[in-house]
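Raw model-v3.pdb, PDB, C-alpha atoms:
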```pdb
ATOM      1  CA  ASP I  16      53.294  66.692 101.657
ATOM      2  CA  ILE I  17      56.831  65.518 102.116
ATOM      3  CA  GLU I  18      58.888  63.637  99.599
ATOM      4  CA  VAL I  19      60.270  60.321 100.779
ATOM      5  CA  LEU I  20      62.893  58.060  99.278
ATOM      6  CA  ASN I  21      60.997  54.858  99.973
ATOM      7  CA  PRO I  22      57.229  55.459 100.029
ATOM      8  CA  ALA I  23      56.518  51.768 100.756
ATOM      9  CA  ALA I  24      58.485  51.841 104.013
ATOM     10  CA  PRO I  25      56.383  52.164 107.191
ATOM     11  CA  TYR I  26      56.638  55.472 109.024
ATOM     12  CA  PRO I  27      58.039  55.366 112.542
ATOM     13  CA  PRO I  28      55.408  56.266 115.173
ATOM     14  CA  SER I  29      57.164  59.522 116.092
ATOM     15  CA  ALA I  30      56.974  60.756 112.492
ATOM     16  CA  ALA I  31      53.198  60.402 112.342
ATOM     17  CA  SER I  32      52.446  63.842 113.738
ATOM     18  CA  SER I  33      53.506  66.921 111.843
ATOM     19  CA  SER I  34      54.292  68.794 115.063
ATOM     20  CA  SER I  35      57.007  66.308 116.025
ATOM     21  CA  THR I  36      58.440  66.522 112.504
ATOM     22  CA  ALA I  37      58.495  70.298 112.729
ATOM     23  CA  SER I  38      60.218  70.238 116.107
ATOM     24  CA  ALA I  39      62.782  67.726 114.829
ATOM     25  CA  SER I  40      63.544  70.004 111.886
ATOM     26  CA  THR I  41      63.922  72.952 114.218
ATOM     27  CA  SER I  42      66.283  71.084 116.540
ATOM     28  CA  SER I  43      68.408  70.002 113.563
ATOM     29  CA  ALA I  44      68.641  73.605 112.419
ATOM     30  CA  ASP I  45      69.559  74.674 115.956
ATOM     31  CA  ASP I  46      72.326  72.048 116.035
ATOM     32  CA  LEU I  47      73.811  73.507 112.863
ATOM     33  CA  ASP I  48      73.731  76.991 114.354
ATOM     34  CA  GLU I  49      75.709  75.789 117.369
ATOM     35  CA  LEU I  50      78.977  74.964 115.625
ATOM     36  CA  PRO I  51      81.892  75.648 117.954
ATOM     37  CA  GLU I  52      83.702  78.885 117.254
ATOM     38  CA  MET I  53      87.380  79.705 117.321
ATOM     39  CA  THR I  54      88.466  82.115 120.022
ATOM     40  CA  PRO I  55      91.504  84.365 119.552
ATOM     41  CA  ALA I  56      93.478  82.066 121.878
ATOM     42  CA  LEU I  57      92.499  78.982 119.853
ATOM     43  CA  GLU I  58      93.481  80.736 116.620
ATOM     44  CA  GLU I  59      96.907  81.449 118.091
ATOM     45  CA  PHE I  60      97.154  77.875 119.400
ATOM     46  CA  ALA I  61      96.312  76.528 115.932
ATOM     47  CA  ARG I  62      99.221  78.420 114.390
ATOM     48  CA  LEU I  63     101.874  76.746 116.557
ATOM     49  CA  PRO I  64     104.318  74.566 114.600
ATOM     50  CA  LEU I  65     103.525  70.896 114.088
ATOM     51  CA  TRP I  66     105.243  68.501 116.507
ATOM     52  CA  ASP I  67     106.565  71.300 118.731
ATOM     53  CA  PHE I  68     105.195  69.818 121.925
ATOM     54  CA  GLU I  69     107.190  72.184 124.127
ATOM     55  CA  LYS I  70     105.557  75.265 122.574
ATOM     56  CA  SER I  71     102.112  73.685 122.683
ATOM     57  CA  TRP I  72     102.471  72.738 126.361
ATOM     58  CA  GLU I  73     103.794  76.181 127.265
ATOM     59  CA  PHE I  74     100.891  77.802 125.412
ATOM     60  CA  ILE I  75      98.333  75.616 127.205
ATOM     61  CA  GLN I  76      99.864  76.432 130.581
ATOM     62  CA  ASN I  77      99.668  80.165 129.841
ATOM     63  CA  HIS I  78      96.250  80.071 128.141
ATOM     64  CA  ARG I  79      94.041  77.639 130.032
ATOM     65  CA  GLU I  80      91.048  78.950 128.065
ATOM     66  CA  VAL I  81      92.017  76.642 125.191
ATOM     67  CA  VAL I  82      91.284  73.601 127.377
ATOM     68  CA  VAL I  83      87.502  73.875 127.432
ATOM     69  CA  PRO I  84      84.686  71.689 126.112
ATOM     70  CA  GLY I  85      84.268  72.299 122.400
ATOM     71  CA  ALA I  86      87.806  73.599 121.786
ATOM     72  CA  SER I  87      88.856  70.445 119.953
ATOM     73  CA  ASP I  88      85.695  70.561 117.823
ATOM     74  CA  ALA I  89      86.262  74.241 117.033
ATOM     75  CA  LEU I  90      89.755  73.395 115.810
ATOM     76  CA  LEU I  91      88.365  70.641 113.572
ATOM     77  CA  VAL I  92      85.754  72.994 112.107
ATOM     78  CA  ALA I  93      88.550  75.507 111.487
ATOM     79  CA  ALA I  94      90.611  72.762 109.822
ATOM     80  CA  PHE I  95      87.744  71.969 107.473
ATOM     81  CA  THR I  96      87.234  75.644 106.665
ATOM     82  CA  ASN I  97      90.939  76.224 106.062
ATOM     83  CA  GLN I  98      91.260  73.158 103.845
ATOM     84  CA  THR I  99      88.215  74.260 101.854
ATOM     85  CA  ASN I 100      89.783  77.698 101.408
ATOM     86  CA  GLY I 101      93.079  76.245 100.185
ATOM     87  CA  HIS I 102      95.051  76.701 103.416
ATOM     88  CA  ALA I 103      96.216  73.093 103.774
ATOM     89  CA  LYS I 104      99.125  73.844 106.118
ATOM     90  CA  LEU I 105      96.914  75.686 108.613
ATOM     91  CA  ALA I 106      94.277  72.952 108.302
ATOM     92  CA  LYS I 107      96.883  70.349 109.262
ATOM     93  CA  GLN I 108      97.997  72.491 112.203
ATOM     94  CA  CYS I 109      94.382  72.775 113.409
ATOM     95  CA  VAL I 110      93.940  68.994 113.266
ATOM     96  CA  HIS I 111      97.255  68.475 115.073
ATOM     97  CA  GLN I 112      96.339  70.822 117.920
ATOM     98  CA  SER I 113      92.848  69.330 118.153
ATOM     99  CA  LEU I 114      94.363  65.875 118.536
ATOM    100  CA  LEU I 115      96.670  67.101 121.308
ATOM    101  CA  LEU I 116      93.642  68.320 123.263
ATOM    102  CA  GLN I 117      91.774  65.072 122.585
ATOM    103  CA  TYR I 118      94.695  62.895 123.694
ATOM    104  CA  GLY I 119      95.009  64.844 126.922
ATOM    105  CA  ASP I 120      91.279  64.569 127.538
ATOM    106  CA  LYS I 121      91.293  60.802 126.970
ATOM    107  CA  LEU I 122      94.025  60.335 129.574
ATOM    108  CA  GLY I 123      91.829  61.727 132.345
ATOM    109  CA  LYS I 124      92.046  64.465 134.929
ATOM    110  CA  ASP I 125      95.786  65.113 134.607
ATOM    111  CA  GLY I 126      95.958  63.898 131.016
ATOM    112  CA  LEU I 127      97.494  66.919 129.344
ATOM    113  CA  ARG I 128     100.399  67.028 131.787
ATOM    114  CA  LEU I 129     100.970  63.290 131.370
ATOM    115  CA  PHE I 130     100.767  63.501 127.591
ATOM    116  CA  PHE I 131     103.205  66.377 127.284
ATOM    117  CA  LYS I 132     105.576  64.859 129.837
ATOM    118  CA  ARG I 133     105.777  61.750 127.679
ATOM    119  CA  ALA I 134     106.036  63.761 124.477
ATOM    120  CA  THR I 135     108.778  66.103 125.670
ATOM    121  CA  LEU I 136     110.775  64.418 128.429
ATOM    122  CA  ALA I 137     111.011  60.850 127.216
ATOM    123  CA  PRO I 138     114.295  59.634 125.716
ATOM    124  CA  PRO I 139     114.382  60.291 121.953
ATOM    125  CA  ARG I 140     113.692  56.651 121.069
ATOM    126  CA  LEU I 141     110.465  56.727 123.135
ATOM    127  CA  ARG I 142     109.176  60.125 122.047
ATOM    128  CA  LEU I 143     106.112  60.517 119.931
ATOM    129  CA  ALA I 144     106.976  60.770 116.273
ATOM    130  CA  PRO I 145     104.795  61.937 113.421
ATOM    131  CA  PRO I 146     103.154  59.039 111.612
ATOM    132  CA  LEU I 147     104.469  58.467 108.112
ATOM    133  CA  TRP I 148     101.104  59.200 106.491
ATOM    134  CA  LEU I 149     101.049  62.652 108.092
ATOM    135  CA  THR I 150     104.567  63.624 107.098
ATOM    136  CA  THR I 151     104.104  62.539 103.483
ATOM    137  CA  THR I 152     100.656  64.099 102.989
ATOM    138  CA  LYS I 153     100.762  67.457 101.268
TER     139      LYS I 153
END
```
Mind turning this structure into structure tokens?
Amino acid sequence: DIEVLNPAAPYPPSAASSSSTASASTSSADDLDELPEMTPALEEFARLPLWDFEKSWEFIQNHREVVVPGASDALLVAAFTNQTNGHAKLAKQCVHQSLLLQYGDKLGKDGLRLFFKRATLAPPRLRLAPPLWLTTTK
């Protein structure tokens, strides 16, 4: 027997067989086991100073292994872990670096180069600036 929140609700057809329920539970457990992991290069990347786009771009150019599928997610998992453990500054750095990778990815094939060109070479009035909510959050 399984406990349900709303016993009067009709069961979906796929939930009728216990074998499909068991396989769904197993796949959910497998998904949890597959959390992205931080590599040594990602850990170093996460420790770069906030808003130092030059250092981040230089690091990416010298460590292409940080630009892989799952790297951004690994940084977000690390941010959560660090925040939970009381390391708020490192958590913020992890989120920052994750966002840099995401922005580059969203811009397409040459997105990282385009992003960092805009972030580092633009005139000061056009450069990316930290949003107020991020600079005032402790």
Next on the checklist: Residue by residue, what does the PyMOL selection byres ((chain I and resi 70-84) around 9) grab here? Present the result as a ChimeraX atom specification.
Outcome noted: /I:54,56-57,60,63-64,66-69,85-88,112,115-116,127-128,131
Next on the checklist: Here is a test: counting all atoms listed in the file, which residue of I:Leu105, I:Leu91, I:Tyr118, I:Leu20 is nearest to Glu59 (chain I)?
Outcome noted: I:Leu105
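Separating CA of Asn100 (chain I) from CA of Leu50 (chain I) is a distance of 18.1 Å.
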Item to check | For CA of Thr135 (chain I) and CA of Leu65 (chain I), the interatomic separation in Å (one decimal) | outcome: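 These two atoms are separated by 13.6 Å.
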Checklist entry - What do you get, as number ranges by chain, if you spell out every residue that the PyMOL selection byres ((chain I and resi 93) around 10) selects here? => result I: 51-53, 57-58, 61, 87-92, 94-99, 105-106, 108-110
Checklist entry - Expressed in Å to a single decimal, how great is the separation between CA of Gly126 (chain I) and CA of Lys107 (chain I)? => result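 Spanning CA of Gly126 (chain I) to CA of Lys107 (chain I) is a straight-line distance of 22.7 Å.
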Box dimensions and centre (Å, one decimal) enclosing region 62-76 of chain I, axis-aligned, 6 Å extra per side, as AutoDock Vina command-line options:
```
--center_x 102.8 --center_y 73.5 --center_z 122.3 --size_x 20.9 --size_y 21.9 --size_z 28.5
```
